[in-house]
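What follows is a set of notes on a single structure, which appears directly below.
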Amino acid sequence: MKFISLHQINLVIKHKITNISALQFFQILRYSTLVLISVLFAKSKFSQITIGEYETLLFIAGGVSFFWINSLIKSFLSIFNDEKNRNSDIFNFYLLISFFSVILFFTLKLFIINNIAELRDVNYLELFLYYILLLGGSSITEYILLAKNKIKEIFVYGIVSYFLQLLLIVLSIYYFKNFEYVLYSLIFINILRNIYTFSLVAKYSILKFSYSFMKENIKLSIPLMLSFVLSGSSQYIDGIIVKYKFNDATFAVFRYGTKEFPLLVILSDALSNAMIREFNKENLITTLKKLKQKSLNLINLLFPISILLLIFSSYLFQYVFNKQFIESSTVFDIYLLLIISRLVFPQTIFLGLKNSKTIFIASLIEFIINVIFSLFLVQFLGIQGVALATVIAFICEKIFLIYVLKAKYNISVNQYINTKSLLIFSIILVSTFILKYFIL
């Protein structure tokens, strides 16, 4: 009998578990923790008002920080140079994130909170500002580990970090039964994350200011920031259109339905971010082949799940929510069609090639198409028309990026996506949608 040695097992694990799968695991762990905390809140003795305050604070934190944090992360991954064992890139990335965090903190504290009545009425916002201050430094840890290809450390950091966060929140909710302790727990865990982040900065980087890095990072990230703002504005404008055309009950139905399949968003974004680094490590052809294979893995995994969700969504919405929100499932089903454009990654290649301006132009096109089609289709299809406009806008954005990639860099879509598998699964998904709503 032939036994497999521990060394062979380690080799298999090393081959199967990559920086991409590590980052995907981390993001799933992060999302799962947030969902579990929301469930714990819902099952606690806290009032709906208190739970609403918690969700409002998280919404504000995400709204004022997601666009610049994500932009700086993507631009850092695009330009990071790891040819030498230690350089100053990571330190300057940390400085840039810290600078934006401090500016945002004082802007909110000194100018915005006291001048906007809606924000003045939000309880604990002054305390929560310290969480926002720490958010930047605690959001880049896994990407520093990704840049240094520390796969094992990403897993360990994710498990320890989010277990500790969950433990502190559970104690605050069920033992101390104090909402303020929940906020102190969030601040405390982010202090620990920032300490660990700085230890990585000191370990892997020279603590030396680099004007050239700052200039390149900001130049690359500004179009991305504008792109994220446009994407966020599209969702906001969709809500305004529905709010204007319909009553509050219909708006609630729309909001419950406009939830993208979380696993799709998490895994596709993690793949995109992880692949940006590959353009600095290998030649273009090799990286494109790798992107094609990794995206095929997601196609084979996520399309079947999306098709099953499409078939059973009406029952799921009735079970998870109630019969009043069955109509939300039709909006959700339309949003499931976003997988067709989500799993095509021309934007990743543009970032790998350090071209963020084209991504901004594509986002502007998406924004304009979304608004025009939303205003048009809502007249005939109601809230479903607004959702369909989003799908059309996303597809148009990807078509534009695919065209520019071919015209400017002579990179065809077949080089980075398995078009046959994507086409077959897309036909099955769309056919299932048509059967469900127009035939059966």
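Here's how to read the names in the structure tokens: chain A, B, ... by the order shown, residue numbers from 1 in each chain, ligand numbers from 1 in the order shown.
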DSSP on the backbone, then: every residue of region 63-208 of chain A marked alpha helix (DSSP H), written as a ChimeraX atom specification.
-> /A:63-79,89-107,117-120,125-138,141-147,151-170,179-204
Long-range neighbours of Thr50 (chain A) as number ranges by chain, 10 Å cut-off, only C-alpha atoms, 6 positions minimum in chain = A: 41, 56, 123, 179
Closest of A:Phe251, A:Phe66, A:Tyr319, A:Tyr416 to Phe345 (chain A), counting only C-alpha atoms, is A:Tyr416
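CA of Leu23 (chain A) to CA of Ala270 (chain A) spans 5.9 Å [interatomic distance, one decimal].
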Selection: 9 Å around Lys177 (chain A), only C-alpha atoms, excl. self and same-chain fewer than 4 positions, as an MDAnalysis selection string | chainID A and resid 44:46 171:173 181:182
Those residues with N, CA and C atoms, as a compact mmCIF listing (two decimals), in the first residue's frame please?
# COMPACT_ATOMS: atom_id res chain seq x y z
N SER A 44 -31.98 39.38 18.69
CA SER A 44 -31.69 39.91 20.03
C SER A 44 -32.90 40.67 20.56
N LYS A 45 -32.75 41.23 21.75
CA LYS A 45 -33.83 42.00 22.36
C LYS A 45 -33.72 43.49 22.04
N PHE A 46 -32.76 43.85 21.17
CA PHE A 46 -32.66 45.24 20.76
C PHE A 46 -33.88 45.59 19.90
N LEU A 171 -20.72 39.07 22.61
CA LEU A 171 -20.65 39.47 24.02
C LEU A 171 -21.38 40.78 24.25
N SER A 172 -21.23 41.72 23.34
CA SER A 172 -21.87 43.04 23.48
C SER A 172 -23.38 42.93 23.40
N ILE A 173 -23.87 42.04 22.49
CA ILE A 173 -25.31 41.92 22.28
C ILE A 173 -25.99 41.10 23.37
N TYR A 181 -21.52 49.23 23.44
CA TYR A 181 -20.42 48.27 23.48
C TYR A 181 -20.17 47.64 22.11
N VAL A 182 -21.23 47.52 21.31
CA VAL A 182 -21.07 47.01 19.94
C VAL A 182 -20.14 47.94 19.16
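Restricting the calculation to only C-alpha atoms, the smallest distance between Thr107 (chain A) and any of A:Ile90, A:Ile417, A:Ile439, A:Leu129 is found for A:Leu129.
Ranking A:Leu220, A:Leu336, A:Leu127, A:Met275 by their shortest atom-to-atom distance to Thr18 (chain A), with only C-alpha atoms included, puts A:Met275 first.
Among the candidates A:Ser212, A:Gln165, A:Ser205, A:Gln384, the one nearest to Arg30 (chain A) when counting only C-alpha atoms is A:Gln165.
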Near Asn418 (chain A), counting only C-alpha atoms, which residues have an atom at most 8 Å away, once you skip same-chain residues fewer than 2 positions from it, shown as a ChimeraX atom specification?
-> /A:292-293,295-296,414-416,420-422
Work out how far apart CA of Gly136 (chain A) and CA of Ile237 (chain A) are and give it in Å to one decimal.
-> 27.2 Å
Shortest interatomic distance to Leu34 (chain A) - which of A:Tyr403, A:Tyr162, A:Phe261, A:Tyr157, counting only C-alpha atoms | A:Tyr162
Counting only C-alpha atoms, closest pick from A:Ser231, A:Gln379, A:Asn217, A:Thr258 relative to Asp89 (chain A) is A:Asn217
So that each row is one residue of region 47-114 of chain A with an atom at most 12 Å from region 186-198 of chain A, can you give its shortest atom pair and the distance in Å to one decimal, using only C-alpha atoms, rows by chain and rising number, as JSON lines?
{"residue": "A:Tyr54", "atom": "CA", "partner": "A:Leu186", "partner_atom": "CA", "distance": 11.3}
{"residue": "A:Leu57", "atom": "CA", "partner": "A:Leu186", "partner_atom": "CA", "distance": 11.6}
{"residue": "A:Leu58", "atom": "CA", "partner": "A:Leu186", "partner_atom": "CA", "distance": 10.7}
{"residue": "A:Ile90", "atom": "CA", "partner": "A:Phe198", "partner_atom": "CA", "distance": 10.0}
{"residue": "A:Phe91", "atom": "CA", "partner": "A:Phe198", "partner_atom": "CA", "distance": 8.7}
{"residue": "A:Asn92", "atom": "CA", "partner": "A:Phe198", "partner_atom": "CA", "distance": 11.7}
{"residue": "A:Phe93", "atom": "CA", "partner": "A:Phe198", "partner_atom": "CA", "distance": 11.3}
{"residue": "A:Tyr94", "atom": "CA", "partner": "A:Phe198", "partner_atom": "CA", "distance": 8.1}
{"residue": "A:Leu95", "atom": "CA", "partner": "A:Phe198", "partner_atom": "CA", "distance": 10.3}
{"residue": "A:Ile97", "atom": "CA", "partner": "A:Asn194", "partner_atom": "CA", "distance": 11.5}
{"residue": "A:Ser98", "atom": "CA", "partner": "A:Asn194", "partner_atom": "CA", "distance": 10.3}
Please provide as a PyMOL selection string all residues within 12 Å of Lys281 (chain A), with the sequence filter that same-chain residues fewer than 2 positions apart are discarded (counting only C-alpha atoms).
-> chain A and resi 77-83+147-149+274-279+283-287+352
Mind dumping the selected residues with C-alpha atoms as a short mmCIF file (atom, residue, chain, number, x, y, z; two decimals), in the first residue's frame?
data_model
loop_
_atom_site.label_atom_id
_atom_site.label_comp_id
_atom_site.auth_asym_id
_atom_site.auth_seq_id
_atom_site.Cartn_x
_atom_site.Cartn_y
_atom_site.Cartn_z
CA LEU A 77 -2.21 46.34 -6.95
CA SER A 78 -1.69 47.60 -10.49
CA ILE A 79 1.56 49.47 -9.85
CA PHE A 80 3.14 47.55 -6.94
CA ASN A 81 6.65 46.42 -7.84
CA ASP A 82 7.96 43.45 -5.87
CA GLU A 83 11.14 42.83 -7.81
CA ALA A 147 0.88 41.71 -2.88
CA LYS A 148 3.55 39.75 -1.01
CA ASN A 149 1.90 36.43 -2.01
CA ALA A 274 -6.10 39.23 -7.35
CA MET A 275 -5.50 39.05 -11.11
CA ILE A 276 -4.44 42.70 -11.32
CA ARG A 277 -1.21 41.71 -9.54
CA GLU A 278 -0.47 39.01 -12.12
CA PHE A 279 0.18 41.59 -14.85
CA ASN A 283 3.98 38.15 -19.42
CA LEU A 284 0.67 39.31 -20.89
CA ILE A 285 -0.21 36.10 -22.78
CA THR A 286 0.35 33.91 -19.71
CA THR A 287 -1.74 36.25 -17.53
CA GLY A 352 -3.27 45.53 -15.23
#
Gln318 (chain A): which residues within 12 Å, counting only C-alpha atoms, same-chain residues fewer than 6 positions away excluded, as a list in words?
-> Tyr256, Phe312, Gln324, Phe325, Ile326, Glu327, Ser328 and Ser329 of chain A
How would the residues just chosen look if you wrote them out with C-alpha atoms as a PDB file, in the first residue's frame?
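Final file, selection-v8.pdb:
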ATOM      1  CA  TYR A 256     -35.723  44.039  -1.554  1.00  0.00           C
ATOM      2  CA  PHE A 312     -36.918  28.786  -7.078  1.00  0.00           C
ATOM      3  CA  GLN A 324     -45.913  40.709   0.149  1.00  0.00           C
ATOM      4  CA  PHE A 325     -42.426  40.511  -1.316  1.00  0.00           C
ATOM      5  CA  ILE A 326     -43.030  37.845  -3.977  1.00  0.00           C
ATOM      6  CA  GLU A 327     -42.930  40.610  -6.604  1.00  0.00           C
ATOM      7  CA  SER A 328     -39.407  41.431  -5.375  1.00  0.00           C
ATOM      8  CA  SER A 329     -38.336  38.054  -6.744  1.00  0.00           C
TER       9      SER A 329
END
Leaving out Thr33 (chain A) and any residue of its chain fewer than 3 positions from it, which residues lie within 10 Å of it when counting only C-alpha atoms, given as a list in words?
-> Gln27, Ile28, Leu29, Arg30, Leu36, Ile37, Ser38, Val39, Tyr162, Phe163, Gln165 and Leu166 of chain A
